[in-house]
>>> print(open('work-v3.tsv').read())   # TSV, C-alpha atoms
chain	number	residue	atom	x	y	z
A	792	MET	CA	0.00	0.00	0.00
A	793	ASN	CA	1.43	3.42	-0.97
A	794	GLU	CA	2.01	5.74	1.95
A	795	SER	CA	1.44	9.46	1.53
A	796	ARG	CA	3.97	11.39	3.59
A	797	ILE	CA	2.58	12.79	6.84
A	798	HIS	CA	4.42	16.11	6.89
A	799	SER	CA	2.87	17.11	10.22
A	800	LEU	CA	4.62	14.21	11.96
A	801	ASP	CA	7.92	15.03	10.24
A	802	ASN	CA	7.63	18.62	11.45
A	803	LEU	CA	6.56	17.54	14.92
A	804	LYS	CA	9.57	15.23	15.13
A	805	TRP	CA	12.18	17.90	14.45
A	806	ALA	CA	10.36	20.48	16.58
A	807	ILE	CA	10.34	18.15	19.59
A	808	VAL	CA	14.05	17.36	19.11
A	809	TRP	CA	14.94	21.05	18.96
A	810	LEU	CA	12.78	21.68	22.02
A	811	MET	CA	14.67	18.89	23.79
A	812	VAL	CA	17.97	20.68	23.16
A	813	VAL	CA	16.63	23.90	24.71
A	814	PHE	CA	15.12	21.86	27.56
A	815	HIS	CA	18.50	20.32	28.41
A	816	ALA	CA	20.15	23.75	28.15
A	817	ALA	CA	17.56	25.27	30.49
A	818	MET	CA	18.32	22.64	33.12
A	819	CYS	CA	21.77	24.19	33.47
A	820	TYR	CA	20.19	27.48	34.59
A	821	MET	CA	17.12	26.37	36.55
A	822	ALA	CA	16.69	26.55	40.30
A	823	TYR	CA	17.00	23.26	42.19
A	824	ALA	CA	18.63	21.43	39.28
A	825	PRO	CA	19.30	17.73	39.98
A	826	GLU	CA	22.56	17.22	41.86
A	827	TRP	CA	23.82	14.93	39.11
A	828	TRP	CA	23.06	17.34	36.26
A	829	TYR	CA	26.12	17.70	34.08
A	830	VAL	CA	26.62	21.47	34.22
A	831	VAL	CA	24.94	23.76	36.75
A	832	ASP	CA	25.45	27.51	36.36
A	833	ASP	CA	24.08	28.67	39.72
A	834	SER	CA	25.28	32.27	39.50
A	835	GLN	CA	21.73	33.45	38.79
A	836	PRO	CA	19.10	30.64	38.72
A	837	LEU	CA	16.17	31.49	36.49
A	838	PHE	CA	12.57	30.94	37.58
A	839	SER	CA	11.59	31.03	33.91
A	840	ALA	CA	14.04	28.20	33.16
A	841	THR	CA	12.64	26.20	36.09
A	842	ALA	CA	9.07	26.65	34.85
A	843	PHE	CA	10.07	25.82	31.28
A	844	VAL	CA	11.84	22.62	32.36
A	845	CYS	CA	8.93	21.46	34.52
A	846	TRP	CA	6.44	22.17	31.72
A	847	THR	CA	8.26	20.63	28.74
A	848	ASP	CA	9.52	17.63	30.72
A	849	ILE	CA	6.04	16.09	30.64
A	850	PHE	CA	5.32	15.87	26.92
A	851	ILE	CA	8.68	15.69	25.08
A	852	MET	CA	9.28	11.96	25.49
A	853	PRO	CA	5.64	10.81	25.07
A	854	MET	CA	5.64	12.60	21.70
A	855	MET	CA	8.92	10.92	20.75
A	856	PHE	CA	7.58	7.49	21.62
A	857	PHE	CA	4.27	8.07	19.82
A	858	VAL	CA	5.99	9.10	16.58
A	859	SER	CA	8.40	6.15	16.88
A	860	GLY	CA	5.51	3.73	17.30
A	861	TYR	CA	3.68	5.20	14.31
A	862	PHE	CA	6.63	4.96	11.93
A	863	GLY	CA	7.85	1.73	13.53
A	864	LEU	CA	4.77	-0.31	12.60
A	865	MET	CA	4.67	1.39	9.20
A	866	SER	CA	8.25	0.28	8.54
A	867	PHE	CA	7.64	-3.26	9.80
A	868	SER	CA	4.59	-3.63	7.55
A	869	LYS	CA	6.41	-2.23	4.52
A	870	HIS	CA	9.73	-4.05	4.82
A	871	GLY	CA	9.00	-7.21	6.80
A	872	CYS	CA	10.79	-8.42	9.91
A	873	ARG	CA	14.17	-9.20	8.35
A	874	ASN	CA	14.67	-5.88	6.55
A	875	PHE	CA	13.06	-3.98	9.41
A	876	TRP	CA	15.71	-5.24	11.81
A	877	LYS	CA	18.48	-4.82	9.29
A	878	SER	CA	17.58	-1.14	9.24
A	879	LYS	CA	17.06	-0.83	13.01
A	880	LEU	CA	20.35	-2.51	13.85
A	881	ARG	CA	22.16	0.05	11.73
A	882	ARG	CA	20.06	3.07	12.69
A	883	ILE	CA	19.09	2.42	16.33
A	884	VAL	CA	20.97	-0.44	17.99
A	885	LEU	CA	24.55	0.29	16.87
A	886	PRO	CA	24.28	4.07	17.51
A	887	TRP	CA	22.81	3.24	20.92
A	888	LEU	CA	25.69	0.92	21.84
A	889	PHE	CA	28.31	3.37	20.59
A	890	GLY	CA	26.65	6.29	22.36
A	891	ALA	CA	26.15	4.43	25.64
A	892	MET	CA	29.65	2.95	25.84
A	893	VAL	CA	31.81	5.61	24.17
A	894	ILE	CA	30.12	9.02	24.29
A	895	ALA	CA	28.04	8.77	27.49
A	896	PRO	CA	31.12	8.31	29.75
A	897	PHE	CA	32.52	11.63	28.52
A	898	ILE	CA	29.18	13.33	29.12
A	899	ALA	CA	29.00	11.85	32.62
A	900	TYR	CA	32.57	12.97	33.33
A	901	ILE	CA	31.58	16.59	32.59
A	902	MET	CA	29.54	16.47	35.79
A	903	LEU	CA	32.74	16.06	37.83
A	904	ALA	CA	35.02	18.15	35.64
A	905	SER	CA	32.65	21.13	35.69
A	906	ARG	CA	32.79	21.00	39.50
A	907	GLN	CA	36.62	20.99	39.57
A	908	SER	CA	36.96	17.37	40.65
A	909	PRO	CA	40.60	16.23	40.67
A	910	ILE	CA	39.80	12.76	39.32
A	911	GLY	CA	41.00	12.06	35.76
A	912	PHE	CA	38.84	10.62	33.02
A	913	CYS	CA	40.63	7.25	32.84
A	914	GLU	CA	40.20	6.69	36.58
A	915	PHE	CA	36.58	7.81	36.35
A	916	TYR	CA	35.83	5.49	33.42
A	917	THR	CA	37.39	2.40	34.97
A	918	SER	CA	35.83	2.83	38.40
A	919	LEU	CA	33.09	5.37	39.11
A	920	PHE	CA	31.36	5.22	35.74
A	921	TRP	CA	30.59	1.52	36.05
A	922	GLY	CA	29.36	2.05	39.60
A	923	PRO	CA	27.40	4.95	41.09
A	924	TYR	CA	27.86	7.20	38.02
A	925	TYR	CA	26.66	4.75	35.40
A	926	GLN	CA	24.21	6.21	32.91
A	927	GLN	CA	23.62	6.36	29.17
A	928	ALA	CA	23.03	10.11	28.84
A	929	HIS	CA	20.25	10.73	26.32
A	930	TYR	CA	21.02	7.48	24.51
A	931	TRP	CA	18.77	5.64	26.97
A	932	TYR	CA	15.94	6.44	24.55
A	933	LEU	CA	17.56	4.35	21.80
A	934	GLY	CA	17.87	1.40	24.18
A	935	SER	CA	14.23	1.72	25.20
A	936	LEU	CA	13.22	2.01	21.56
A	937	SER	CA	15.16	-1.15	20.72
A	938	ALA	CA	13.29	-3.04	23.44
A	939	LEU	CA	9.93	-1.74	22.22
A	940	TYR	CA	10.75	-2.68	18.63
A	941	LEU	CA	11.55	-6.20	19.83
A	942	LEU	CA	8.19	-6.38	21.56
A	943	LEU	CA	6.39	-4.94	18.53
A	944	SER	CA	8.09	-7.46	16.23
A	945	ALA	CA	7.17	-10.37	18.48
A	946	ILE	CA	3.53	-9.30	18.56
A	947	CYS	CA	3.38	-8.90	14.78
A	948	LEU	CA	5.04	-12.28	14.19
A	949	LEU	CA	2.55	-13.97	16.52
A	950	CYS	CA	-0.38	-12.20	14.88
A	951	PRO	CA	0.61	-11.02	11.36
A	952	SER	CA	-2.73	-9.31	10.77
A	953	LEU	CA	-1.77	-6.67	13.34
A	954	ALA	CA	0.86	-5.36	10.90
A	955	GLU	CA	-1.71	-4.84	8.15
A	956	ARG	CA	-3.38	-1.48	7.54
A	957	ALA	CA	-7.01	-1.47	8.62
A	958	THR	CA	-9.92	0.55	7.28
A	959	PRO	CA	-9.61	4.09	8.68
A	960	ALA	CA	-11.95	4.60	11.60
A	961	ARG	CA	-12.45	7.06	14.40
A	962	PRO	CA	-10.96	5.72	17.64
A	963	PRO	CA	-13.35	4.98	20.49
A	964	ARG	CA	-13.65	7.79	23.03
A	965	ILE	CA	-12.34	5.33	25.59
A	966	ILE	CA	-8.82	5.64	24.09
A	967	PRO	CA	-7.80	8.98	25.67
A	968	ILE	CA	-9.70	8.07	28.84
A	969	SER	CA	-7.87	4.74	29.10
A	970	LEU	CA	-4.52	6.43	28.47
A	971	PHE	CA	-5.27	8.96	31.20
A	972	LEU	CA	-6.29	6.26	33.70
A	973	LEU	CA	-3.23	4.13	32.95
A	974	ALA	CA	-0.91	7.12	33.37
A	975	PHE	CA	-2.69	8.31	36.52
A	976	LEU	CA	-2.62	4.93	38.27
A	977	SER	CA	0.93	3.99	37.23
A	978	ILE	CA	2.39	7.38	38.15
A	979	GLY	CA	0.52	7.45	41.48
A	980	ILE	CA	1.34	3.88	42.51
A	981	ILE	CA	5.02	3.90	41.50
A	982	SER	CA	5.57	7.41	42.89
A	983	SER	CA	4.33	6.12	46.24
A	984	PHE	CA	7.55	4.08	46.44
A	985	LEU	CA	10.00	5.98	44.21
A	986	HIS	CA	10.65	9.65	43.62
A	987	PRO	CA	9.11	10.59	40.24
A	988	ASP	CA	12.51	11.62	38.84
A	989	THR	CA	14.38	8.47	39.90
A	990	TRP	CA	16.50	6.82	37.20
A	991	THR	CA	17.24	3.09	37.42
A	992	PHE	CA	19.50	0.95	35.24
A	993	TYR	CA	18.89	-2.72	34.60
A	994	GLY	CA	21.97	-4.85	33.97
A	995	TYR	CA	23.79	-2.00	32.21
A	996	VAL	CA	21.31	-2.43	29.34
A	997	LEU	CA	18.25	-0.28	29.93
A	998	VAL	CA	18.25	3.01	31.82
A	999	LEU	CA	14.72	4.08	32.71
A	1000	GLN	CA	12.54	6.26	34.90
A	1001	PRO	CA	10.22	3.59	36.36
A	1002	VAL	CA	7.44	6.10	37.05
A	1003	ARG	CA	7.14	6.90	33.34
A	1004	VAL	CA	7.68	3.49	31.78
A	1005	PRO	CA	3.98	2.44	31.56
A	1006	THR	CA	3.07	5.75	29.92
A	1007	TYR	CA	5.87	5.46	27.36
A	1008	ILE	CA	4.85	1.92	26.45
A	1009	ALA	CA	1.22	2.97	26.10
A	1010	VAL	CA	1.89	5.94	23.81
A	1011	PHE	CA	4.33	3.90	21.68
A	1012	PHE	CA	1.65	1.31	20.96
A	1013	LEU	CA	-0.95	4.05	20.54
A	1014	GLY	CA	1.29	5.43	17.79
A	1015	ALA	CA	1.47	2.00	16.16
A	1016	TRP	CA	-2.31	1.66	16.40
A	1017	ALA	CA	-2.70	5.17	14.93
A	1018	TRP	CA	-0.83	4.07	11.82
A	1019	LYS	CA	-2.81	0.84	11.55
A	1020	THR	CA	-6.17	2.64	11.73
A	1021	GLY	CA	-5.22	5.44	9.34
A	1022	TRP	CA	-4.94	8.46	11.58
A	1023	PHE	CA	-4.15	11.71	9.69
A	1024	SER	CA	-5.20	10.25	6.31
A	1025	PRO	CA	-7.84	12.18	4.33
A	1026	VAL	CA	-10.57	9.81	5.53
A	1027	GLY	CA	-8.98	8.92	8.86
A	1028	TYR	CA	-9.06	10.40	12.33
A	1029	THR	CA	-7.33	13.62	13.30
A	1030	PRO	CA	-7.70	15.07	16.83
A	1031	SER	CA	-9.81	18.21	16.99
A	1032	CYS	CA	-7.64	21.28	17.31
A	1033	MET	CA	-9.71	23.63	19.48
A	1034	PRO	CA	-10.85	21.36	22.34
A	1035	TRP	CA	-7.50	19.60	22.69
A	1036	SER	CA	-5.58	22.89	22.53
A	1037	ALA	CA	-7.80	24.32	25.27
A	1038	ALA	CA	-7.26	21.18	27.37
A	1039	PHE	CA	-3.51	21.48	26.75
A	1040	LEU	CA	-3.37	25.09	27.99
A	1041	VAL	CA	-5.58	24.48	31.02
A	1042	SER	CA	-3.99	21.20	32.13
A	1043	GLY	CA	-0.49	22.57	31.49
A	1044	SER	CA	-1.17	25.61	33.65
A	1045	ILE	CA	-2.64	23.54	36.46
A	1046	TYR	CA	0.24	21.05	36.31
A	1047	LEU	CA	2.83	23.83	36.44
A	1048	TRP	CA	1.15	25.51	39.43
A	1049	GLN	CA	0.92	22.17	41.21
A	1050	LYS	CA	4.56	21.37	40.50
A	1051	LEU	CA	5.89	24.72	41.65
A	1052	PHE	CA	3.54	25.83	44.42
A	1053	LEU	CA	1.26	23.10	45.78
A	1054	ALA	CA	3.81	21.94	48.39
A	1055	GLN	CA	3.45	25.35	50.08
A	1056	TYR	CA	-0.17	24.58	50.90
A	1057	VAL	CA	-0.22	20.79	51.33
A	1058	SER	CA	2.13	18.90	53.61
A	1059	THR	CA	0.69	15.39	53.24
A	1060	GLN	CA	3.00	13.37	51.02
A	1061	VAL	CA	0.27	11.00	49.84
A	1062	LEU	CA	-1.86	13.90	48.66
A	1063	LEU	CA	1.11	15.49	46.87
A	1064	VAL	CA	1.90	12.21	45.10
A	1065	TRP	CA	-1.62	11.66	43.82
A	1066	ALA	CA	-2.16	15.33	42.95
A	1067	ASN	CA	0.97	15.16	40.82
A	1068	ALA	CA	-0.23	11.90	39.22
A	1069	LEU	CA	-3.58	13.48	38.37
A	1070	CYS	CA	-2.14	16.68	36.92
A	1071	GLN	CA	0.73	14.98	35.09
A	1072	SER	CA	-1.46	12.34	33.44
A	1073	ALA	CA	-4.04	14.94	32.33
A	1074	PHE	CA	-1.31	17.16	30.90
A	1075	THR	CA	0.40	14.23	29.15
A	1076	VAL	CA	-2.76	13.11	27.35
A	1077	SER	CA	-3.92	16.59	26.41
A	1078	ALA	CA	-0.45	17.59	25.18
A	1079	LEU	CA	-0.19	14.46	23.03
A	1080	PHE	CA	-3.50	15.01	21.24
A	1081	ALA	CA	-3.19	18.81	21.10
A	1082	LEU	CA	0.25	18.80	19.47
A	1083	LEU	CA	-0.87	16.18	16.95
A	1084	ALA	CA	-3.90	18.32	16.15
A	1085	VAL	CA	-2.04	21.65	15.91
A	1086	PHE	CA	0.76	20.34	13.73
A	1087	HIS	CA	-1.68	18.55	11.41
A	1088	ARG	CA	-3.84	21.68	11.16
A	1089	PHE	CA	-1.11	24.28	10.64
A	1090	LEU	CA	2.14	22.47	9.75
A	1091	ASN	CA	1.08	19.61	7.50
A	1092	ARG	CA	3.21	20.86	4.66
A	1093	SER	CA	6.79	20.61	3.46
A	1094	SER	CA	9.32	23.22	2.45
A	1095	ARG	CA	13.03	23.15	1.72
A	1096	LEU	CA	13.79	24.30	5.28
A	1097	SER	CA	11.41	21.89	7.01
A	1098	SER	CA	12.74	19.02	4.90
A	1099	ALA	CA	16.29	19.87	5.98
A	1100	LEU	CA	15.23	20.15	9.62
A	1101	SER	CA	13.42	16.82	9.45
A	1102	ALA	CA	16.31	15.08	7.71
A	1103	THR	CA	18.77	16.25	10.38
A	1104	SER	CA	16.54	15.74	13.45
A	1105	TYR	CA	18.06	12.38	14.38
A	1106	GLY	CA	21.57	13.76	14.07
A	1107	VAL	CA	20.68	16.79	16.18
A	1108	TYR	CA	19.25	14.48	18.84
A	1109	TYR	CA	22.31	12.22	18.75
A	1110	LEU	CA	24.92	14.98	18.93
A	1111	HIS	CA	23.33	17.55	21.17
A	1112	GLN	CA	24.57	16.63	24.66
A	1113	PRO	CA	28.30	16.25	23.82
A	1114	ILE	CA	28.07	19.65	22.11
A	1115	LEU	CA	25.70	21.42	24.52
A	1116	PHE	CA	27.35	20.71	27.86
A	1117	PRO	CA	30.90	21.80	27.00
A	1118	LEU	CA	29.34	25.05	25.76
A	1119	ALA	CA	27.37	25.48	28.99
A	1120	TRP	CA	30.53	24.70	30.99
A	1121	LEU	CA	32.51	27.27	29.00
A	1122	PHE	CA	29.87	29.93	29.62
A	1123	THR	CA	30.04	29.44	33.40
A	1124	THR	CA	33.29	31.44	33.24
A	1125	ILE	CA	31.80	34.28	31.17
A	1126	PRO	CA	30.22	37.17	33.14
A	1127	LEU	CA	26.89	37.40	31.35
A	1128	PRO	CA	23.33	37.44	32.71
A	1129	SER	CA	21.83	33.96	32.90
A	1130	PRO	CA	19.03	34.70	30.38
A	1131	LEU	CA	21.62	35.75	27.80
A	1132	LYS	CA	23.74	32.68	28.59
A	1133	LEU	CA	20.78	30.36	28.11
A	1134	LEU	CA	19.82	32.02	24.83
A	1135	THR	CA	23.38	31.98	23.48
A	1136	VAL	CA	24.16	28.41	24.53
A	1137	SER	CA	20.88	27.14	23.05
A	1138	ILE	CA	21.40	28.90	19.71
A	1139	LEU	CA	25.04	27.82	19.42
A	1140	ALA	CA	24.23	24.22	20.32
A	1141	LEU	CA	21.35	24.02	17.84
A	1142	PHE	CA	23.41	25.63	15.08
A	1143	LEU	CA	26.41	23.34	15.62
A	1144	CYS	CA	24.25	20.22	15.87
A	1145	PHE	CA	22.37	21.13	12.70
A	1146	VAL	CA	25.57	21.83	10.76
A	1147	MET	CA	27.25	18.65	12.00
A	1148	SER	CA	24.19	16.56	11.24
A	1149	ARG	CA	23.66	18.02	7.78
A	1150	PHE	CA	27.24	18.13	6.55
A	1151	VAL	CA	28.85	15.22	8.43
A	1152	LEU	CA	26.30	12.63	9.54
A	1153	ASN	CA	24.03	13.09	6.51
A	1154	SER	CA	26.77	13.70	3.96
A	1155	ARG	CA	28.25	10.98	1.79
A	1156	THR	CA	30.26	9.32	4.53
A	1157	PRO	CA	30.00	5.85	6.12
A	1158	LEU	CA	27.93	7.46	8.90
A	1159	ARG	CA	25.19	8.47	6.47
A	1160	ARG	CA	23.49	5.08	6.52
A	1161	CYS	CA	22.96	5.34	10.28
A	1162	PHE	CA	21.58	8.87	10.35
A	1163	GLN	CA	19.75	9.41	7.07
A	1164	THR	CA	15.97	9.43	7.27
>>> encode(input="work-v3.tsv", output="structure tokens")
Amino acid sequence: MNESRIHSLDNLKWAIVWLMVVFHAAMCYMAYAPEWWYVVDDSQPLFSATAFVCWTDIFIMPMMFFVSGYFGLMSFSKHGCRNFWKSKLRRIVLPWLFGAMVIAPFIAYIMLASRQSPIGFCEFYTSLFWGPYYQQAHYWYLGSLSALYLLLSAICLLCPSLAERATPARPPRIIPISLFLLAFLSIGIISSFLHPDTWTFYGYVLVLQPVRVPTYIAVFFLGAWAWKTGWFSPVGYTPSCMPWSAAFLVSGSIYLWQKLFLAQYVSTQVLLVWANALCQSAFTVSALFALLAVFHRFLNRSSRLSSALSATSYGVYYLHQPILFPLAWLFTTIPLPSPLKLLTVSILALFLCFVMSRFVLNSRTPLRRCFQT
């Protein structure tokens, strides 16, 4: 079956990746940044950066997983299991392994180096990195995606009809309600035992935030189901722009107020946990459907610039932390106001990542086959 290009999803993909770069830059200038964050410029913490981080943190990764599920099932149906995995090994698995084992240790070391730790990189890599400092930087997403593609492949092999395009139909209203309930219950229950921002690694393979895992799995398979049932096609379902946008603005505002101020009025930990679960799940669902609706309504078109941004989005994602954090570290020594630092670091990082992705990763080099779209 011929697939017409869904330009809105291409544009959403690169926009979310660029937003992720700014999000990670803002964490360097926010108040109460995580102790382990790679570079913290605490000369003048920005409330605006704190609010921006809290707000964008909720919907960036669900959007990434939804788009990956949509195009993942499309690719599996088009190419079959063998060619699907031939492509994913080259494009996802190998870049994940290289990033996690080679690049992530340098990113993790920046955390100590930016705080004037006397330990050298070799000592750090052979001892601390494989212990309390183990992480995969932003490459954890590629590991999670590999696991989800394995699960998707197994399901499609057991039931081949699931990989076939169905007649376009409007999804039952229970879909967003079910997604909300799953997110609400999983976030509330797991947060009762773990801090919502806790990262856990499993056998040096997967690095995950347990509180968010059920939501990510759900939106990934919702994306796959969206492709199967013809969302965004001329006769298929597209979320309504106005109601979902209104829900996005309202739920986002309530979530942000709850995140930043509710603890001043409520001291009961159980109530705080479940209030966060309620607000976060509502914001996650509304943001997912609202962004899909807005991009399909206003950005479902292609231009030379948007095509270049889409083609380089994976490279920008892959390169951004090893480029961003040395820049942020460098700017800690420059006497500029924090807002100007954040703006400058974000623009420089995005520019350098775009140039590197377009003219190195996507040029005619051996790396092209991993990073071309």
>>> closest_residue(input="work-v3.tsv", among="A:Phe897, A:Phe975, A:Phe838, A:Trp1048", to="A:Val1064", atoms="all atoms listed in the file")
A:Phe975
>>> closest_residue(input="work-v3.tsv", among="A:Asn874, A:Ser969, A:Ser983, A:Thr1123", to="A:Gln1060", atoms="only C-alpha atoms")
A:Ser983
>>> closest_residue(input="work-v3.tsv", among="A:Gly890, A:Gly1106, A:Gly871, A:Gly979", to="A:Pro1005", atoms="only C-alpha atoms")
A:Gly979
>>> closest_residue(input="work-v3.tsv", among="A:Phe1012, A:Tyr1007, A:Phe1145, A:Phe857", to="A:Leu1083", atoms="all atoms listed in the file")
A:Phe857
>>> closest_residue(input="work-v3.tsv", among="A:Phe984, A:Met818, A:Leu933, A:Ile849", to="A:Arg881", atoms="only C-alpha atoms")
A:Leu933
>>> residues_around(input="work-v3.tsv", residues="A:Leu942", least_positions_apart="6", cutoff="12 Å", atoms="all atoms listed in the file", output="JSON, numbers by chain")
{"A": [860, 863, 864, 935, 936, 948, 949, 1008, 1011, 1012]}
>>> atom_distance(input="work-v3.tsv", atom1="atom CA of A:Ser952", atom2="atom CA of A:Ser866")
14.7 Å
>>> closest_residue(input="work-v3.tsv", among="A:Trp887, A:Tyr924, A:Phe1074, A:Tyr993", to="A:Val1041", atoms="only C-alpha atoms")
A:Phe1074
>>> residues_around(input="work-v3.tsv", residues="stretch 1025-1029 of chain A", least_positions_apart="3", cutoff="7 Å", atoms="all atoms listed in the file", output="number ranges by chain")
A: 959-961, 1021-1022, 1084
>>> atom_distance(input="work-v3.tsv", atom1="atom CA of A:Trp990", atom2="atom CA of A:Cys1070")
21.1 Å
